[in-house]
>>> print(open('final.pdb').read())   # PDB, C-alpha atoms, pLDDT in the B column
ATOM      1  CA  MET K   1     108.141 136.593 120.914  1.00 73.00           C
ATOM      2  CA  GLN K   2     105.337 139.093 121.158  1.00 88.00           C
ATOM      3  CA  VAL K   3     102.892 140.344 118.564  1.00 92.00           C
ATOM      4  CA  THR K   4     101.266 143.751 118.410  1.00 94.00           C
ATOM      5  CA  LEU K   5      97.603 144.351 117.757  1.00 94.00           C
ATOM      6  CA  GLU K   6      98.751 146.445 114.809  1.00 95.00           C
ATOM      7  CA  GLU K   7     100.478 143.392 113.274  1.00 94.00           C
ATOM      8  CA  LEU K   8      97.243 141.412 113.591  1.00 95.00           C
ATOM      9  CA  CYS K   9      95.295 144.264 112.000  1.00 96.00           C
ATOM     10  CA  ASN K  10      97.796 144.430 109.151  1.00 95.00           C
ATOM     11  CA  ALA K  11      97.354 140.713 108.522  1.00 94.00           C
ATOM     12  CA  LEU K  12      93.641 141.286 107.846  1.00 96.00           C
ATOM     13  CA  GLN K  13      93.821 144.685 106.217  1.00 95.00           C
ATOM     14  CA  SER K  14      94.380 143.663 102.607  1.00 92.00           C
ATOM     15  CA  ALA K  15      91.213 141.560 102.582  1.00 94.00           C
ATOM     16  CA  LEU K  16      88.993 143.599 104.898  1.00 96.00           C
ATOM     17  CA  GLY K  17      90.237 147.147 104.673  1.00 96.00           C
ATOM     18  CA  GLU K  18      91.710 149.155 107.509  1.00 96.00           C
ATOM     19  CA  GLN K  19      88.515 149.955 109.420  1.00 97.00           C
ATOM     20  CA  ARG K  20      87.040 146.441 109.369  1.00 96.00           C
ATOM     21  CA  ALA K  21      90.387 144.868 110.268  1.00 97.00           C
ATOM     22  CA  HIS K  22      90.903 147.195 113.234  1.00 97.00           C
ATOM     23  CA  ALA K  23      87.331 146.712 114.417  1.00 97.00           C
ATOM     24  CA  ALA K  24      87.557 142.913 114.213  1.00 97.00           C
ATOM     25  CA  ILE K  25      90.882 142.717 116.087  1.00 97.00           C
ATOM     26  CA  HIS K  26      89.997 145.270 118.750  1.00 96.00           C
ATOM     27  CA  ASP K  27      86.538 143.790 119.359  1.00 97.00           C
ATOM     28  CA  ALA K  28      88.002 140.301 119.733  1.00 97.00           C
ATOM     29  CA  SER K  29      90.746 141.447 122.106  1.00 97.00           C
ATOM     30  CA  GLU K  30      88.181 143.271 124.248  1.00 96.00           C
ATOM     31  CA  MET K  31      85.919 140.188 124.326  1.00 96.00           C
ATOM     32  CA  LEU K  32      88.889 138.177 125.575  1.00 97.00           C
ATOM     33  CA  GLY K  33      89.681 140.783 128.238  1.00 96.00           C
ATOM     34  CA  LEU K  34      93.078 141.624 126.758  1.00 95.00           C
ATOM     35  CA  SER K  35      94.507 145.081 127.210  1.00 89.00           C
ATOM     36  CA  GLY K  36      97.615 146.713 125.864  1.00 89.00           C
ATOM     37  CA  SER K  37      99.039 146.683 122.395  1.00 90.00           C
ATOM     38  CA  ARG K  38     101.433 143.735 122.804  1.00 95.00           C
ATOM     39  CA  LEU K  39     100.265 140.135 122.987  1.00 96.00           C
ATOM     40  CA  THR K  40     101.917 136.812 123.659  1.00 94.00           C
ATOM     41  CA  ARG K  41     101.763 134.199 120.934  1.00 93.00           C
ATOM     42  CA  ASP K  42      98.914 132.418 122.696  1.00 94.00           C
ATOM     43  CA  GLN K  43      96.967 135.652 123.105  1.00 96.00           C
ATOM     44  CA  ALA K  44      97.487 136.558 119.441  1.00 96.00           C
ATOM     45  CA  LEU K  45      96.214 133.145 118.381  1.00 96.00           C
ATOM     46  CA  ALA K  46      93.230 133.523 120.708  1.00 97.00           C
ATOM     47  CA  VAL K  47      92.356 136.894 119.161  1.00 97.00           C
ATOM     48  CA  LEU K  48      92.590 135.520 115.624  1.00 97.00           C
ATOM     49  CA  GLY K  49      90.649 132.448 116.748  1.00 97.00           C
ATOM     50  CA  ARG K  50      87.847 134.659 118.012  1.00 97.00           C
ATOM     51  CA  VAL K  51      87.801 136.632 114.753  1.00 98.00           C
ATOM     52  CA  ALA K  52      87.910 133.353 112.792  1.00 97.00           C
ATOM     53  CA  GLU K  53      84.547 132.413 114.316  1.00 97.00           C
ATOM     54  CA  ALA K  54      82.899 135.170 112.253  1.00 96.00           C
ATOM     55  CA  ASP K  55      81.022 134.275 109.103  1.00 96.00           C
ATOM     56  CA  GLY K  56      82.149 135.185 105.633  1.00 96.00           C
ATOM     57  CA  LEU K  57      85.225 137.064 104.581  1.00 96.00           C
ATOM     58  CA  VAL K  58      86.117 138.205 108.106  1.00 97.00           C
ATOM     59  CA  GLY K  59      86.346 134.647 109.433  1.00 97.00           C
ATOM     60  CA  ILE K  60      88.108 133.298 106.368  1.00 97.00           C
ATOM     61  CA  SER K  61      90.666 136.119 106.470  1.00 97.00           C
ATOM     62  CA  ALA K  62      91.363 135.458 110.153  1.00 97.00           C
ATOM     63  CA  ARG K  63      91.918 131.754 109.523  1.00 97.00           C
ATOM     64  CA  PHE K  64      94.420 132.565 106.776  1.00 95.00           C
ATOM     65  CA  ALA K  65      96.130 135.164 108.983  1.00 95.00           C
ATOM     66  CA  ARG K  66      96.432 132.618 111.800  1.00 94.00           C
ATOM     67  CA  SER K  67      98.005 130.113 109.406  1.00 94.00           C
ATOM     68  CA  ARG K  68     100.479 132.714 108.133  1.00 91.00           C
ATOM     69  CA  LEU K  69     101.402 133.679 111.690  1.00 91.00           C
ATOM     70  CA  LEU K  70     102.010 130.056 112.685  1.00 92.00           C
ATOM     71  CA  THR K  71     104.099 129.519 109.558  1.00 92.00           C
ATOM     72  CA  ARG K  72     106.166 132.633 110.286  1.00 88.00           C
ATOM     73  CA  TRP K  73     106.841 131.472 113.849  1.00 85.00           C
ATOM     74  CA  ALA K  74     107.758 127.974 112.692  1.00 89.00           C
ATOM     75  CA  GLN K  75     110.163 129.392 110.115  1.00 87.00           C
ATOM     76  CA  ALA K  76     111.761 131.694 112.695  1.00 80.00           C
ATOM     77  CA  SER K  77     112.175 128.764 115.075  1.00 75.00           C
ATOM     78  CA  LEU K  78     113.733 126.649 112.343  1.00 77.00           C
ATOM     79  CA  ASP K  79     116.080 129.483 111.375  1.00 75.00           C
ATOM     80  CA  ASP K  80     117.127 129.909 115.014  1.00 73.00           C
ATOM     81  CA  HIS K  81     117.757 126.185 115.320  1.00 71.00           C
ATOM     82  CA  GLN K  82     119.829 126.109 112.140  1.00 77.00           C
ATOM     83  CA  ARG K  83     121.898 129.090 113.264  1.00 78.00           C
ATOM     84  CA  GLY K  84     122.529 127.378 116.598  1.00 74.00           C
ATOM     85  CA  ALA K  85     123.556 124.121 114.895  1.00 72.00           C
ATOM     86  CA  SER K  86     126.051 125.881 112.637  1.00 69.00           C
ATOM     87  CA  SER K  87     127.756 127.722 115.501  1.00 61.00           C
TER      88      SER K  87
END
>>> encode(input="final.pdb", output="structure tokens")
Amino acid sequence: MQVTLEELCNALQSALGEQRAHAAIHDASEMLGLSGSRLTRDQALAVLGRVAEADGLVGISARFARSRLLTRWAQASLDDHQRGASS
């Protein structure tokens, strides 16, 4: 499963606003040397981890976004497993 930078931005947007969310995600991805708009799970977590190091609302929002992303992936994995078990 891959994640887009836009999805990461959207995860922060409600708390930070569009401009701050985009700046935080794009700055972090550049610092990590990532290019392109699609990231692996590990890269997405690394980007949010870098943003989570920030003080205040930016860091807090990134930590929540990372938790939501991990929960979404865990739920998708569980759903896939349950579908496979019922087949």
>>> axis_aligned_box(input="final.pdb", around="range 22-31 of chain K", padding_each_side="8 Å", output="lines of an AutoDock Vina configuration file")
center_x = 88.4
center_y = 143.7
center_z = 118.8
size_x = 21.0
size_y = 23.0
size_z = 27.1
>>> residues_around(input="final.pdb", residues="Phe64 in chain K", least_positions_apart="2", cutoff="12 Å", atoms="all atoms listed in the file", output="list in words")
Leu8, Ala11, Leu12, Ser14, Ala15, Leu45, Leu48, Gly49, Val51, Ala52, Leu57, Val58, Gly59, Ile60, Ser61, Ala62, Arg66, Ser67, Arg68, Leu69, Leu70 and Thr71 of chain K
>>> resolve_selection(input="final.pdb", expression="the PyMOL selection byres ((chain K and resi 44) around 10)", output="VMD selection string")
chain K and resid 2 to 5 7 to 8 25 29 34 38 to 43 45 to 50 66 69
>>> write_last_selection(input="final.pdb", atoms="C-alpha atoms", output="tab-separated table (two decimals), keeping the file's coordinate frame")
chain	number	residue	atom	x	y	z
K	2	GLN	CA	105.34	139.09	121.16
K	3	VAL	CA	102.89	140.34	118.56
K	4	THR	CA	101.27	143.75	118.41
K	5	LEU	CA	97.60	144.35	117.76
K	7	GLU	CA	100.48	143.39	113.27
K	8	LEU	CA	97.24	141.41	113.59
K	25	ILE	CA	90.88	142.72	116.09
K	29	SER	CA	90.75	141.45	122.11
K	34	LEU	CA	93.08	141.62	126.76
K	38	ARG	CA	101.43	143.74	122.80
K	39	LEU	CA	100.26	140.14	122.99
K	40	THR	CA	101.92	136.81	123.66
K	41	ARG	CA	101.76	134.20	120.93
K	42	ASP	CA	98.91	132.42	122.70
K	43	GLN	CA	96.97	135.65	123.10
K	45	LEU	CA	96.21	133.15	118.38
K	46	ALA	CA	93.23	133.52	120.71
K	47	VAL	CA	92.36	136.89	119.16
K	48	LEU	CA	92.59	135.52	115.62
K	49	GLY	CA	90.65	132.45	116.75
K	50	ARG	CA	87.85	134.66	118.01
K	66	ARG	CA	96.43	132.62	111.80
K	69	LEU	CA	101.40	133.68	111.69
>>> atom_distance(input="final.pdb", atom1="CA of Arg63 in chain K", atom2="CA of Ser37 in chain K")
21.0 Å
>>> atom_distance(input="final.pdb", atom1="CA of Gln75 in chain K", atom2="CA of Leu32 in chain K")
27.7 Å
>>> atom_distance(input="final.pdb", atom1="CA of Ala54 in chain K", atom2="CA of Glu18 in chain K")
17.2 Å
>>> build_atoms(input="final.pdb", residues="range 75-86 of chain K", atoms="N, CA and C atoms", output="PDB file, keeping the file's coordinate frame")
ATOM      1  N   GLN K  75     108.975 129.081 110.904  1.00 87.00           N
ATOM      2  CA  GLN K  75     110.163 129.392 110.115  1.00 87.00           C
ATOM      3  C   GLN K  75     111.220 130.079 110.970  1.00 87.00           C
ATOM      4  N   ALA K  76     110.814 131.004 111.814  1.00 80.00           N
ATOM      5  CA  ALA K  76     111.761 131.694 112.695  1.00 80.00           C
ATOM      6  C   ALA K  76     112.413 130.711 113.659  1.00 80.00           C
ATOM      7  N   SER K  77     111.634 129.775 114.169  1.00 75.00           N
ATOM      8  CA  SER K  77     112.175 128.764 115.075  1.00 75.00           C
ATOM      9  C   SER K  77     113.164 127.865 114.355  1.00 75.00           C
ATOM     10  N   LEU K  78     112.842 127.480 113.148  1.00 77.00           N
ATOM     11  CA  LEU K  78     113.733 126.649 112.343  1.00 77.00           C
ATOM     12  C   LEU K  78     115.028 127.397 112.028  1.00 77.00           C
ATOM     13  N   ASP K  79     114.900 128.663 111.659  1.00 75.00           N
ATOM     14  CA  ASP K  79     116.080 129.483 111.375  1.00 75.00           C
ATOM     15  C   ASP K  79     116.978 129.592 112.608  1.00 75.00           C
ATOM     16  N   ASP K  80     116.362 129.818 113.770  1.00 73.00           N
ATOM     17  CA  ASP K  80     117.127 129.909 115.014  1.00 73.00           C
ATOM     18  C   ASP K  80     117.852 128.598 115.295  1.00 73.00           C
ATOM     19  N   HIS K  81     117.160 127.504 115.081  1.00 71.00           N
ATOM     20  CA  HIS K  81     117.757 126.185 115.320  1.00 71.00           C
ATOM     21  C   HIS K  81     118.930 125.944 114.387  1.00 71.00           C
ATOM     22  N   GLN K  82     118.760 126.297 113.112  1.00 77.00           N
ATOM     23  CA  GLN K  82     119.829 126.109 112.140  1.00 77.00           C
ATOM     24  C   GLN K  82     121.033 126.987 112.438  1.00 77.00           C
ATOM     25  N   ARG K  83     120.785 128.213 112.882  1.00 78.00           N
ATOM     26  CA  ARG K  83     121.898 129.090 113.264  1.00 78.00           C
ATOM     27  C   ARG K  83     122.648 128.515 114.460  1.00 78.00           C
ATOM     28  N   GLY K  84     121.905 127.968 115.420  1.00 74.00           N
ATOM     29  CA  GLY K  84     122.529 127.378 116.598  1.00 74.00           C
ATOM     30  C   GLY K  84     123.324 126.143 116.262  1.00 74.00           C
ATOM     31  N   ALA K  85     122.856 125.344 115.293  1.00 72.00           N
ATOM     32  CA  ALA K  85     123.556 124.121 114.895  1.00 72.00           C
ATOM     33  C   ALA K  85     124.832 124.426 114.121  1.00 72.00           C
ATOM     34  N   SER K  86     124.855 125.561 113.440  1.00 69.00           N
ATOM     35  CA  SER K  86     126.051 125.881 112.637  1.00 69.00           C
ATOM     36  C   SER K  86     127.101 126.613 113.451  1.00 69.00           C
TER      37      SER K  86
END
